[in-house]
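Content type compact mmCIF, C-alpha atoms and all ligand atoms, from the file start.txt:
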```txt
# COMPACT_ATOMS: atom_id res chain seq x y z
CA MET I 1 15.75 14.48 95.80
CA ASN I 2 14.61 14.22 92.16
CA ILE I 3 14.95 10.64 90.89
CA GLY I 4 13.75 9.35 87.54
CA ILE I 5 14.46 8.32 83.97
CA ASP I 6 17.74 9.70 82.66
CA LYS I 7 17.80 7.67 79.43
CA ILE I 8 15.38 5.27 77.75
CA GLY I 9 16.08 2.86 74.88
CA PHE I 10 14.32 0.07 73.05
CA TYR I 11 15.06 -2.98 70.92
CA THR I 12 12.87 -5.34 68.93
CA PRO I 13 13.93 -8.16 66.56
CA HIS I 14 14.34 -7.41 62.84
CA LEU I 15 11.42 -9.60 61.72
CA PHE I 16 7.65 -9.05 61.87
CA VAL I 17 4.46 -10.57 60.57
CA ASP I 18 1.58 -8.48 59.22
CA MET I 19 -1.57 -8.93 61.32
CA ASN I 20 -3.86 -8.66 58.28
CA LYS I 21 -2.10 -11.66 56.75
CA LEU I 22 -2.11 -13.58 60.03
CA ALA I 23 -5.88 -12.96 60.28
CA VAL I 24 -6.47 -14.33 56.76
CA ALA I 25 -4.38 -17.42 57.57
CA ARG I 26 -6.42 -17.97 60.76
CA ASN I 27 -9.77 -17.44 59.02
CA VAL I 28 -10.49 -14.34 61.07
CA GLU I 29 -11.67 -10.96 59.77
CA PRO I 30 -8.55 -8.72 59.65
CA GLU I 31 -10.47 -5.93 61.45
CA LYS I 32 -10.70 -8.12 64.52
CA PHE I 33 -6.91 -7.95 64.86
CA THR I 34 -6.35 -4.40 63.59
CA ILE I 35 -9.37 -2.71 65.24
CA GLY I 36 -10.84 -5.16 67.81
CA ILE I 37 -7.42 -5.98 69.29
CA GLY I 38 -5.59 -2.98 67.83
CA GLN I 39 -2.43 -4.56 66.41
CA GLU I 40 -0.81 -3.97 62.97
CA LYS I 41 2.47 -5.85 63.13
CA MET I 42 3.86 -8.51 65.45
CA ALA I 43 7.58 -8.84 66.14
CA VAL I 44 8.97 -12.32 65.44
CA PRO I 45 12.12 -13.24 67.40
CA PRO I 46 14.60 -15.49 65.56
CA ILE I 47 16.25 -18.33 67.50
CA THR I 48 19.33 -16.10 67.92
CA GLN I 49 17.42 -13.69 70.21
CA ASP I 50 16.22 -14.32 73.76
CA SER I 51 15.23 -12.09 76.67
CA VAL I 52 18.92 -11.53 77.54
CA THR I 53 19.99 -10.42 74.05
CA LEU I 54 16.90 -8.25 73.53
CA ALA I 55 17.66 -6.39 76.78
CA ALA I 56 21.38 -6.11 76.04
CA ASN I 57 20.65 -4.72 72.56
CA ALA I 58 18.19 -2.19 74.05
CA ALA I 59 20.76 -0.97 76.60
CA LEU I 60 23.67 -0.99 74.15
CA GLY I 61 22.12 1.88 72.22
CA ILE I 62 21.85 4.26 75.20
CA LEU I 63 24.80 3.69 77.54
CA ASP I 64 28.11 5.53 77.27
CA ASP I 65 31.38 4.70 79.04
CA GLN I 66 30.64 7.04 81.93
CA ASP I 67 27.26 5.36 82.54
CA LYS I 68 28.97 1.96 82.60
CA GLU I 69 31.36 3.26 85.28
CA GLN I 70 28.55 4.73 87.38
CA ILE I 71 26.00 1.89 87.17
CA ASP I 72 26.15 -0.05 90.42
CA PHE I 73 22.89 -1.96 90.09
CA VAL I 74 21.40 -3.89 87.15
CA ILE I 75 17.79 -4.96 87.68
CA PHE I 76 16.31 -7.18 85.00
CA GLY I 77 12.51 -7.55 84.95
CA THR I 78 11.30 -10.52 82.90
CA GLU I 79 8.86 -13.40 82.78
CA SER I 80 10.79 -15.16 80.01
CA GLY I 81 13.98 -15.75 81.96
CA ILE I 82 16.38 -18.37 80.65
CA ASP I 83 17.52 -19.91 83.94
CA HIS I 84 15.83 -20.73 87.26
CA SER I 85 18.97 -19.77 89.22
CA LYS I 86 21.33 -17.40 87.47
CA SER I 87 19.86 -13.98 86.80
CA ALA I 88 19.57 -12.52 83.31
CA GLY I 89 21.06 -9.34 84.79
CA VAL I 90 24.47 -11.00 85.20
CA TYR I 91 24.63 -11.88 81.48
CA VAL I 92 23.74 -8.33 80.45
CA HIS I 93 26.25 -6.90 82.93
CA GLU I 94 28.99 -8.90 81.19
CA LEU I 95 27.81 -8.31 77.60
CA LEU I 96 27.81 -4.53 78.12
CA ASP I 97 31.12 -4.31 80.02
CA ILE I 98 29.53 -2.65 83.04
CA ASN I 99 32.04 -2.05 85.84
CA PRO I 100 32.37 -5.08 88.13
CA TYR I 101 31.38 -3.26 91.34
CA ALA I 102 27.67 -3.58 90.67
CA ARG I 103 24.78 -5.75 91.85
CA SER I 104 22.95 -7.67 89.12
CA ILE I 105 19.64 -9.42 89.69
CA GLU I 106 16.40 -10.54 88.04
CA VAL I 107 12.90 -9.74 89.32
CA LYS I 108 9.62 -11.37 88.36
CA GLN I 109 5.93 -10.56 88.68
CA ALA I 110 4.54 -11.06 85.17
CA CYS I 111 4.34 -7.75 83.27
CA TYR I 112 4.90 -5.77 86.49
CA GLY I 113 8.60 -6.77 86.80
CA ALA I 114 10.14 -3.62 85.31
CA THR I 115 7.94 -1.42 87.52
CA ALA I 116 9.14 -3.31 90.60
CA ALA I 117 12.67 -2.73 89.30
CA ILE I 118 12.09 1.03 88.95
CA GLN I 119 10.71 1.31 92.48
CA MET I 120 13.68 -0.66 93.82
CA ALA I 121 16.03 1.61 91.85
CA LYS I 122 14.40 4.70 93.36
CA GLY I 123 15.02 3.41 96.88
CA HIS I 124 18.61 2.51 96.05
CA ILE I 125 19.33 5.96 94.60
CA ALA I 126 17.68 7.73 97.55
CA LEU I 127 20.34 6.03 99.74
CA ASN I 128 23.14 6.35 97.16
CA PRO I 129 22.61 9.60 95.21
CA GLU I 130 25.68 9.14 92.99
CA SER I 131 24.50 5.76 91.75
CA LYS I 132 22.94 4.96 88.38
CA VAL I 133 20.70 1.93 88.04
CA LEU I 134 20.12 0.06 84.78
CA VAL I 135 16.53 -1.19 84.66
CA LEU I 136 15.63 -3.71 81.95
CA GLY I 137 12.21 -4.98 80.93
CA SER I 138 12.57 -7.74 78.35
CA ASP I 139 10.29 -10.51 77.15
CA ILE I 140 9.12 -12.77 74.38
CA ALA I 141 5.33 -13.18 74.48
CA ARG I 142 4.46 -16.71 73.32
CA TYR I 143 0.97 -18.15 73.46
CA GLY I 144 1.27 -20.68 70.64
CA LEU I 145 0.21 -21.06 67.01
CA ASN I 146 -3.54 -20.98 66.44
CA THR I 147 -4.34 -20.06 70.06
CA GLY I 148 -6.64 -17.29 71.34
CA GLY I 149 -3.64 -15.27 72.49
CA GLU I 150 -1.63 -15.66 69.27
CA SER I 151 -2.59 -12.21 67.97
CA THR I 152 -1.16 -10.66 71.15
CA GLN I 153 2.34 -12.09 70.91
CA GLY I 154 5.48 -9.98 70.37
CA ALA I 155 9.10 -9.54 71.45
CA GLY I 156 11.27 -6.70 72.64
CA ALA I 157 12.97 -4.90 75.49
CA VAL I 158 13.14 -1.47 77.07
CA ALA I 159 16.25 -0.29 78.92
CA MET I 160 16.15 2.66 81.31
CA LEU I 161 18.88 4.42 83.16
CA ILE I 162 17.50 5.60 86.51
CA SER I 163 19.39 8.33 88.35
CA ALA I 164 19.17 11.43 90.53
CA ASN I 165 18.57 14.67 88.57
CA PRO I 166 17.39 12.72 85.50
CA LYS I 167 17.31 14.33 82.06
CA VAL I 168 14.00 12.92 80.77
CA MET I 169 11.44 12.49 83.54
CA VAL I 170 11.28 12.87 87.33
CA LEU I 171 9.24 10.12 88.99
CA GLU I 172 6.92 11.57 91.62
CA GLU I 173 6.89 10.06 95.09
CA LYS I 174 3.26 9.10 95.51
CA SER I 175 1.97 5.93 93.90
CA THR I 176 -0.77 3.42 94.65
CA TYR I 177 -0.49 -0.32 94.27
CA LEU I 178 -2.50 -3.47 94.79
CA THR I 179 -1.91 -7.25 95.00
CA LYS I 180 -4.54 -9.98 94.62
CA ASP I 181 -3.91 -13.73 94.13
CA ILE I 182 -5.75 -14.59 90.90
CA MET I 183 -5.18 -16.98 87.96
CA ASP I 184 -5.73 -14.81 84.90
CA PHE I 185 -2.41 -15.57 83.19
CA TRP I 186 0.46 -17.81 84.26
CA ARG I 187 3.24 -20.01 82.90
CA PRO I 188 4.07 -23.19 84.82
CA VAL I 189 7.80 -23.99 84.94
CA TYR I 190 7.35 -26.93 82.54
CA SER I 191 5.78 -24.85 79.77
CA ASP I 192 7.38 -22.45 77.29
CA LYS I 193 3.95 -21.01 76.47
CA ALA I 194 1.64 -18.99 78.70
CA PHE I 195 -1.80 -20.10 79.89
CA VAL I 196 -4.42 -17.38 79.96
CA ASP I 197 -8.04 -16.82 80.82
CA GLY I 198 -8.37 -13.94 78.36
CA ARG I 199 -11.73 -12.50 79.37
CA PHE I 200 -11.01 -12.75 83.11
CA SER I 201 -7.64 -11.09 82.64
CA ASN I 202 -9.26 -8.21 80.74
CA GLU I 203 -11.79 -7.73 83.55
CA GLN I 204 -9.12 -7.84 86.25
CA TYR I 205 -6.89 -5.39 84.40
CA ILE I 206 -9.74 -2.85 84.30
CA SER I 207 -10.75 -3.51 87.89
CA PHE I 208 -7.14 -3.09 89.11
CA PHE I 209 -6.89 0.20 87.21
CA GLN I 210 -10.09 1.50 88.77
CA GLN I 211 -9.01 0.52 92.29
CA VAL I 212 -5.55 2.08 92.13
CA TRP I 213 -6.98 5.16 90.42
CA GLU I 214 -9.57 5.74 93.19
CA ARG I 215 -6.88 5.29 95.84
CA TYR I 216 -4.51 7.57 93.94
CA LYS I 217 -7.06 10.38 93.92
CA GLU I 218 -7.64 10.01 97.67
CA LYS I 219 -3.92 9.89 98.42
CA THR I 220 -2.84 12.84 96.25
CA GLY I 221 -5.89 15.07 95.84
CA LEU I 222 -5.17 15.11 92.10
CA GLY I 223 -7.73 14.49 89.37
CA LEU I 224 -7.69 13.30 85.77
CA ASP I 225 -7.36 16.87 84.48
CA ASP I 226 -3.94 17.10 86.18
CA PHE I 227 -2.64 14.56 83.65
CA GLU I 228 -1.37 15.34 80.17
CA ALA I 229 -1.54 11.63 79.31
CA ILE I 230 -1.80 8.20 80.89
CA CYS I 231 0.34 5.39 79.50
CA TYR I 232 -0.82 1.84 80.08
CA HIS I 233 0.62 -1.63 80.16
CA LEU I 234 -0.44 -2.81 76.69
CA PRO I 235 -0.91 -6.53 76.09
CA TYR I 236 -2.64 -5.18 72.97
CA THR I 237 -3.45 -1.56 72.24
CA LYS I 238 -7.22 -1.79 72.77
CA MET I 239 -6.69 -2.90 76.39
CA GLY I 240 -5.60 0.42 77.90
CA LEU I 241 -8.33 2.26 76.04
CA LYS I 242 -10.94 0.05 77.69
CA ALA I 243 -9.56 1.06 81.11
CA LEU I 244 -9.19 4.76 80.23
CA ARG I 245 -12.78 4.94 78.97
CA THR I 246 -14.12 3.88 82.38
CA VAL I 247 -12.87 7.11 84.01
CA LEU I 248 -13.19 9.67 81.20
CA ASP I 249 -16.57 10.98 82.39
CA GLU I 250 -14.73 12.55 85.36
CA VAL I 251 -13.46 15.37 83.11
CA THR I 252 -14.62 17.91 80.50
CA GLU I 253 -14.78 17.04 76.80
CA ASP I 254 -11.56 18.99 76.13
CA VAL I 255 -9.63 16.92 78.66
CA GLN I 256 -11.25 13.74 77.37
CA GLU I 257 -10.05 14.59 73.89
CA ARG I 258 -6.52 15.35 75.10
CA LEU I 259 -6.24 12.08 77.00
CA THR I 260 -7.71 10.04 74.14
CA THR I 261 -5.48 11.67 71.51
CA ASN I 262 -2.38 11.18 73.64
CA TYR I 263 -3.41 7.60 74.40
CA LYS I 264 -3.49 6.89 70.68
CA ILE I 265 0.00 8.33 70.18
CA SER I 266 1.28 6.35 73.17
CA THR I 267 0.19 3.09 71.55
CA THR I 268 1.85 3.54 68.13
CA TYR I 269 5.07 1.62 68.86
CA ASN I 270 3.16 -1.16 70.66
CA ARG I 271 0.73 -1.49 67.73
CA ASN I 272 3.74 -2.28 65.53
CA VAL I 273 5.61 -4.59 67.90
CA GLY I 274 2.99 -6.53 69.86
CA ASN I 275 3.09 -7.47 73.50
CA ILE I 276 6.51 -7.29 75.12
CA TYR I 277 5.11 -8.06 78.59
CA THR I 278 7.14 -6.22 81.24
CA GLY I 279 8.53 -3.66 78.78
CA SER I 280 5.10 -2.83 77.28
CA LEU I 281 4.21 0.09 79.54
CA TYR I 282 7.61 1.67 78.94
CA LEU I 283 7.39 1.13 75.19
CA SER I 284 4.12 3.05 75.37
CA LEU I 285 5.82 5.86 77.31
CA LEU I 286 8.59 5.91 74.71
CA SER I 287 6.01 6.09 71.91
CA LEU I 288 4.39 9.13 73.54
CA LEU I 289 7.68 10.91 74.27
CA GLU I 290 9.19 10.31 70.85
CA LEU I 291 6.12 10.78 68.63
CA LYS I 292 4.32 13.67 70.32
CA GLU I 293 6.76 16.42 69.52
CA ASP I 294 4.88 19.26 71.26
CA LEU I 295 4.62 17.60 74.67
CA GLN I 296 5.54 20.35 77.17
CA ALA I 297 8.16 20.16 79.89
CA GLY I 298 6.42 20.02 83.27
CA SER I 299 3.61 17.79 81.94
CA ARG I 300 2.46 15.04 84.27
CA ILE I 301 2.34 11.56 82.67
CA GLY I 302 0.47 8.75 84.44
CA LEU I 303 1.81 5.20 84.23
CA PHE I 304 -0.44 2.20 84.87
CA SER I 305 1.44 -1.05 85.36
CA TYR I 306 -0.32 -4.43 85.51
CA GLY I 307 1.24 -7.85 85.96
CA SER I 308 -1.16 -10.78 85.89
CA GLY I 309 -1.43 -12.92 88.94
CA ALA I 310 -1.74 -9.99 89.89
CA VAL I 311 -0.06 -6.72 90.94
CA GLY I 312 -1.08 -3.29 89.67
CA GLU I 313 0.41 0.15 90.28
CA LEU I 314 -0.33 3.71 89.26
CA PHE I 315 2.50 6.22 89.44
CA THR I 316 3.48 9.42 87.70
CA GLY I 317 6.35 11.34 86.14
CA ILE I 318 6.97 15.00 85.31
CA LEU I 319 8.82 15.82 82.08
CA LYS I 320 12.07 17.73 82.44
CA PRO I 321 12.98 20.85 80.42
CA ASN I 322 14.67 19.89 77.12
CA TYR I 323 13.85 16.21 77.68
CA ARG I 324 13.54 15.68 73.89
CA GLU I 325 17.26 16.36 73.40
CA HIS I 326 17.99 13.28 75.49
CA LEU I 327 15.79 10.81 73.60
CA PHE I 328 17.09 8.36 70.96
CA VAL I 329 14.44 9.05 68.33
CA GLU I 330 16.71 8.51 65.32
CA THR I 331 17.98 5.15 66.59
CA HIS I 332 14.44 3.90 67.13
CA THR I 333 13.17 5.22 63.78
CA LYS I 334 16.01 3.37 62.04
CA LEU I 335 15.23 0.21 64.02
CA PHE I 336 11.60 0.25 62.85
CA ASP I 337 12.55 1.15 59.26
CA SER I 338 15.07 -1.67 58.95
CA ARG I 339 12.67 -4.47 59.92
CA ARG I 340 11.76 -7.16 57.40
CA GLU I 341 8.34 -8.73 56.92
CA VAL I 342 8.08 -12.51 57.03
CA SER I 343 5.18 -14.54 55.65
CA VAL I 344 2.86 -16.42 58.00
CA GLU I 345 4.58 -19.68 56.92
CA GLU I 346 8.03 -18.26 57.77
CA TYR I 347 6.72 -17.00 61.12
CA GLU I 348 5.34 -20.45 61.96
CA GLU I 349 8.65 -22.06 61.05
CA ILE I 350 10.62 -19.55 63.15
CA PHE I 351 8.17 -19.99 66.05
CA GLN I 352 8.76 -23.73 66.12
CA ASN I 353 12.54 -23.51 65.74
CA THR I 354 13.51 -23.38 69.41
CA LEU I 355 16.67 -24.21 71.38
CA PRO I 356 17.01 -27.88 72.38
CA THR I 357 15.54 -28.82 75.76
CA ASP I 358 17.19 -32.26 75.98
CA GLY I 359 20.61 -30.94 76.94
CA SER I 360 22.21 -31.30 73.52
CA ASN I 361 24.64 -28.75 72.12
CA ILE I 362 23.74 -26.48 69.21
CA GLU I 363 25.64 -23.94 67.14
CA LEU I 364 23.59 -21.11 65.58
CA ASP I 365 24.24 -18.99 62.52
CA ILE I 366 24.27 -15.41 63.80
CA GLU I 367 25.28 -13.84 60.48
CA ASN I 368 21.64 -13.47 59.38
CA ASP I 369 20.69 -11.63 62.57
CA PRO I 370 21.61 -7.92 62.26
CA ALA I 371 21.53 -7.47 66.05
CA HIS I 372 24.89 -6.65 67.65
CA ILE I 373 24.24 -9.07 70.50
CA CYS I 374 23.02 -12.61 69.73
CA VAL I 375 22.71 -16.11 71.13
CA SER I 376 25.30 -18.14 69.22
CA GLY I 377 24.42 -21.56 70.61
CA VAL I 378 24.35 -23.83 73.64
CA ILE I 379 27.38 -25.80 74.87
CA GLU I 380 27.23 -28.13 77.89
CA HIS I 381 23.90 -26.59 79.01
CA MET I 382 25.35 -23.06 78.83
CA ARG I 383 23.89 -20.48 76.46
CA GLN I 384 26.61 -18.79 74.45
CA TYR I 385 26.31 -15.06 73.81
CA VAL I 386 28.21 -12.92 71.33
CA ASN I 387 28.64 -9.14 71.26
CA LYS I 388 29.71 -8.63 67.63
CA LEU I 389 31.14 -5.17 68.47
CA ARG I 390 33.93 -6.67 70.54
N1 LIG O 1 -14.11 -5.84 63.45
C1 LIG O 1 -13.83 -5.09 64.53
N2 LIG O 1 -13.75 -5.58 65.79
C2 LIG O 1 -13.96 -6.91 65.95
C3 LIG O 1 -14.23 -7.76 64.86
C4 LIG O 1 -14.31 -7.17 63.56
N3 LIG O 1 -14.56 -7.91 62.47
N4 LIG O 1 -14.37 -9.03 65.34
C5 LIG O 1 -14.19 -8.96 66.68
N5 LIG O 1 -13.91 -7.69 67.04
C6 LIG O 1 -13.65 -7.17 68.40
C7 LIG O 1 -14.58 -7.70 69.47
O1 LIG O 1 -15.81 -7.00 69.48
C8 LIG O 1 -13.73 -7.46 70.71
O2 LIG O 1 -13.80 -6.11 71.07
P1 LIG O 1 -14.12 -5.69 72.60
O3 LIG O 1 -13.08 -6.39 73.42
O4 LIG O 1 -13.97 -4.20 72.60
O5 LIG O 1 -15.49 -6.17 72.89
C9 LIG O 1 -12.30 -7.70 70.21
O6 LIG O 1 -12.37 -7.64 68.78
C10 LIG O 1 -11.75 -9.05 70.61
O7 LIG O 1 -12.68 -10.03 70.28
P2 LIG O 1 -12.97 -11.29 71.20
O8 LIG O 1 -14.02 -12.11 70.58
O9 LIG O 1 -13.14 -10.84 72.63
O10 LIG O 1 -11.54 -12.01 71.03
P3 LIG O 1 -10.96 -13.31 71.64
O11 LIG O 1 -12.00 -14.14 72.28
O12 LIG O 1 -10.18 -13.92 70.53
O13 LIG O 1 -9.99 -12.80 72.83
C11 LIG O 1 -8.14 -11.70 73.90
C12 LIG O 1 -9.18 -11.64 72.77
C13 LIG O 1 -7.37 -10.40 73.94
C14 LIG O 1 -8.84 -11.87 75.23
C15 LIG O 1 -7.17 -12.85 73.61
O14 LIG O 1 -6.45 -12.51 72.49
C16 LIG O 1 -6.24 -13.16 74.76
O15 LIG O 1 -6.53 -14.02 75.56
N6 LIG O 1 -5.07 -12.46 74.85
C17 LIG O 1 -4.05 -12.70 75.82
C18 LIG O 1 -4.40 -12.20 77.23
C19 LIG O 1 -4.30 -10.77 77.40
O16 LIG O 1 -3.77 -10.07 76.58
N7 LIG O 1 -4.80 -10.28 78.57
C20 LIG O 1 -4.86 -8.89 78.84
C21 LIG O 1 -4.55 -8.50 80.26
S1 LIG O 1 -2.83 -8.57 80.67
```
Rewrite the coordinates I just gave you, this time as structure tokens.
Amino acid sequence: MNIGIDKIGFYTPHLFVDMNKLAVARNVEPEKFTIGIGQEKMAVPPITQDSVTLAANAALGILDDQDKEQIDFVIFGTESGIDHSKSAGVYVHELLDINPYARSIEVKQACYGATAAIQMAKGHIALNPESKVLVLGSDIARYGLNTGGESTQGAGAVAMLISANPKVMVLEEKSTYLTKDIMDFWRPVYSDKAFVDGRFSNEQYISFFQQVWERYKEKTGLGLDDFEAICYHLPYTKMGLKALRTVLDEVTEDVQERLTTNYKISTTYNRNVGNIYTGSLYLSLLSLLELKEDLQAGSRIGLFSYGSGAVGELFTGILKPNYREHLFVETHTKLFDSRREVSVEEYEEIFQNTLPTDGSNIELDIENDPAHICVSGVIEHMRQYVNKLR
């Protein structure tokens, strides 16, 4: 049975900060951020957006009434969940009016969460071919002002509808994966900011890629020249390139050029949004699919997922005929075009304006947030969500 991505959508908040200006404010050469790290713009989430609303806004743009009837499983991958008990999936299920006869859960393994969700969805659909599964990868990457990781922050969500006979991409069966208990990046339950050993995490990312790649070749008999492109989890856009470069000498110069060119295209959206943790790999896939207009049906796309801590996986998809007709290019172009730049001072103010953690109530002004779905406040320890389209 062919199972894969039937629809794919994306959402990022309406505000961003320019990395050149952030570099100047931090006394760093702008080229370190724009070339060394590879980021141009960083999404800035207002207090009225959290991982739930980002995901709901991403899914809102792609689901029709029939999808909402057929979805029987909502799997929400995140590492910026809002509750230790109740899953973010349940909130999205309600905000999008998905039929009640569905399962809704949250899964976590750092930036690998959405990949775990996709693999779970594949198994579910293999047993229930009529089912559609809504997979969400949504996060706010927060390292803190003036920290080493600050230039790799961001916010956004990717929503994917996984089904049998998908319209965009069939996910192939063989994949290779690896788990190793390491402390390269983590966020203790008492902290709203991540802790990271940046250099170690870079090394581990590359090492995980090399290990799953070697195993993939053994398992499938395929080589690098069988790939049109490889999309990577992108904490920042230079990261995947470092991993790709370690295997490029396995192929001819022509293939090297193809993979490098396609890598660059696959990083365009991420370069303008920043790190969105578990959605990052799928934002990169979206960037490739939407911006490389001559990508042929039948092309094999590699997907390297990495979630610190750590789990890595390499898997692949084959593009379906006429896949472009089923993308939401116009919606995403409009989303990018309608964003507003904020100054570094405004960004710092927004960053520090967080929901109360002492149990007090708060009412938020959602009129200034153009998103359809927003956090409108907290009452009696319960976050309040509004879908303005209702
Ligand atoms: N012009 C061009 N490039 C420059 C530059 C300049 N003026 N100044 C520095 N650079 C380059 C460096 O050479 C380096 O490139 P390289 O990695 O290819 O060697 C890059 O910019 C980063 O510089 P570095 O000194 O290593 O930065 P840093 O110590 O501030 O750390 C991270 C960078 C990414 C490790 C840090 O931002 C971080 O911890 N991020 C979060 C963790 C993360 O994303 N992990 C990834 C795995 S999930």
Exercise: residues within 12 Å of coordinate (24.7, 0.7, 81.8), counting all atoms listed in the file, as JSON, numbers by chain: {"I": [6, 7, 8, 9, 55, 56, 57, 58, 59, 60, 61, 62, 63, 64, 65, 66, 67, 68, 69, 70, 71, 72, 73, 74, 75, 76, 89, 92, 93, 94, 95, 96, 97, 98, 99, 100, 102, 103, 104, 131, 132, 133, 134, 135, 136, 159, 160, 161, 162, 163]}
Writer output for current selection, C-alpha atoms, as a compact mmCIF listing (two decimals), in the coordinates of the input:
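Heads up, here's the output in selection.txt:
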```
# COMPACT_ATOMS: atom_id res chain seq x y z
CA ASP I 6 17.74 9.70 82.66
CA LYS I 7 17.80 7.67 79.43
CA ILE I 8 15.38 5.27 77.75
CA GLY I 9 16.08 2.86 74.88
CA ALA I 55 17.66 -6.39 76.78
CA ALA I 56 21.38 -6.11 76.04
CA ASN I 57 20.65 -4.72 72.56
CA ALA I 58 18.19 -2.19 74.05
CA ALA I 59 20.76 -0.97 76.60
CA LEU I 60 23.67 -0.99 74.15
CA GLY I 61 22.12 1.88 72.22
CA ILE I 62 21.85 4.26 75.20
CA LEU I 63 24.80 3.69 77.54
CA ASP I 64 28.11 5.53 77.27
CA ASP I 65 31.38 4.70 79.04
CA GLN I 66 30.64 7.04 81.93
CA ASP I 67 27.26 5.36 82.54
CA LYS I 68 28.97 1.96 82.60
CA GLU I 69 31.36 3.26 85.28
CA GLN I 70 28.55 4.73 87.38
CA ILE I 71 26.00 1.89 87.17
CA ASP I 72 26.15 -0.05 90.42
CA PHE I 73 22.89 -1.96 90.09
CA VAL I 74 21.40 -3.89 87.15
CA ILE I 75 17.79 -4.96 87.68
CA PHE I 76 16.31 -7.18 85.00
CA GLY I 89 21.06 -9.34 84.79
CA VAL I 92 23.74 -8.33 80.45
CA HIS I 93 26.25 -6.90 82.93
CA GLU I 94 28.99 -8.90 81.19
CA LEU I 95 27.81 -8.31 77.60
CA LEU I 96 27.81 -4.53 78.12
CA ASP I 97 31.12 -4.31 80.02
CA ILE I 98 29.53 -2.65 83.04
CA ASN I 99 32.04 -2.05 85.84
CA PRO I 100 32.37 -5.08 88.13
CA ALA I 102 27.67 -3.58 90.67
CA ARG I 103 24.78 -5.75 91.85
CA SER I 104 22.95 -7.67 89.12
CA SER I 131 24.50 5.76 91.75
CA LYS I 132 22.94 4.96 88.38
CA VAL I 133 20.70 1.93 88.04
CA LEU I 134 20.12 0.06 84.78
CA VAL I 135 16.53 -1.19 84.66
CA LEU I 136 15.63 -3.71 81.95
CA ALA I 159 16.25 -0.29 78.92
CA MET I 160 16.15 2.66 81.31
CA LEU I 161 18.88 4.42 83.16
CA ILE I 162 17.50 5.60 86.51
CA SER I 163 19.39 8.33 88.35
```
Contacts of Thr48 of chain I at 8 Å (only C-alpha atoms; same-chain gap of 5+ positions) as an mmCIF file with C-alpha atoms, in the frame of the given file:
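Result saved to selection.cif:
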```cif
data_model
loop_
_atom_site.group_PDB
_atom_site.id
_atom_site.type_symbol
_atom_site.label_atom_id
_atom_site.label_comp_id
_atom_site.auth_asym_id
_atom_site.auth_seq_id
_atom_site.Cartn_x
_atom_site.Cartn_y
_atom_site.Cartn_z
ATOM 1 C CA LEU I 364 23.590 -21.110 65.580
ATOM 2 C CA ASP I 365 24.240 -18.990 62.520
ATOM 3 C CA ILE I 366 24.270 -15.410 63.800
ATOM 4 C CA ASP I 369 20.690 -11.630 62.570
ATOM 5 C CA CYS I 374 23.020 -12.610 69.730
ATOM 6 C CA VAL I 375 22.710 -16.110 71.130
ATOM 7 C CA SER I 376 25.300 -18.140 69.220
ATOM 8 C CA GLY I 377 24.420 -21.560 70.610
#
```
From I:Gly144, I:Glu218, I:Asn368, I:Asp226, residue lying nearest Thr316 of chain I [all atoms listed in the file]: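 The closest residue to Thr316 of chain I is I:Asp226.
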Between I:Arg199, I:Ser175, I:Thr268, I:Ile350, which has the minimum distance to Gly148 of chain I (counting only C-alpha atoms)?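 Of all the options, I:Arg199 lies closest to Gly148 of chain I.
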Shell of 7 Å around ligand LIG 1 (chain O) (only C-alpha atoms and all ligand atoms), written as a list in words: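 Those within range of ligand LIG 1 (chain O) are Glu29, Pro30, Glu31, Lys32, Phe33, Ile35, Gly36, Ile37, Gly148, Gly149, Glu150, Ser151, Thr152, Val196, Asp197, Gly198, Arg199, Ser201, Asn202, Tyr205, Pro235, Tyr236, Met239, Tyr306, Gly307 and Ser308 of chain I.
Distance annotation: of I:Leu224, I:Thr34, I:Val44, I:Gly309, the residue with the minimal separation from Arg258 of chain I is I:Leu224; atom set is only C-alpha atoms.
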Which residues are close to Asp18 of chain I, i.e. within 12 Å by all atoms listed in the file, leaving aside same-chain residues fewer than 5 positions away? Reply as a list in words.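 The residues satisfying every condition are Ala23, Val24, Ala25, Pro30, Phe33, Thr34, Gln39, Glu40, Lys41, Met42, Ala43, Val44, Ser151, Gly154, Arg271, Asn272, Val273, Gly274, Arg339, Arg340, Glu341, Val342, Ser343, Val344, Glu345, Glu346 and Tyr347 of chain I.
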Selection near Val311 of chain I, 10 Å with all atoms listed in the file, sequence-local residues under 4 positions removed, as a VMD selection string: chain I and resid 109 to 113 116 177 to 182 205 208 305 to 307
If you count all atoms listed in the file, which residues fall within 10 Å of Leu303 of chain I, apart from same-chain ones fewer than 6 positions away, as a ChimeraX atom specification? /I:115,175,229-233,281-282,284-285,313-317
Atom CA of Ile318 of chain I to atom CA of Gly298 of chain I, straight-line distance in Å: 5.4 Å
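Of the residues listed (I:Glu203, I:Asp83, I:Asp50, I:Glu214), I:Asp50 shows the shortest atom-to-atom separation from Gly156 of chain I; distances use only C-alpha atoms.
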For Thr331 of chain I, which of I:Ser85, I:Glu130, I:Val90, I:Phe10 is the closest residue, counting all atoms listed in the file?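 The answer is I:Phe10, which sits nearest to Thr331 of chain I.
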Residue with the minimum atom-to-atom distance to His14 of chain I, picked from I:Thr237, I:Thr220, I:Thr278, I:Gln49 with all atoms listed in the file counted, is I:Gln49
Calculate how many Å separate atom CA of Ala164 of chain I from atom CA of Leu291 of chain I, rounding to one decimal. 25.5 Å
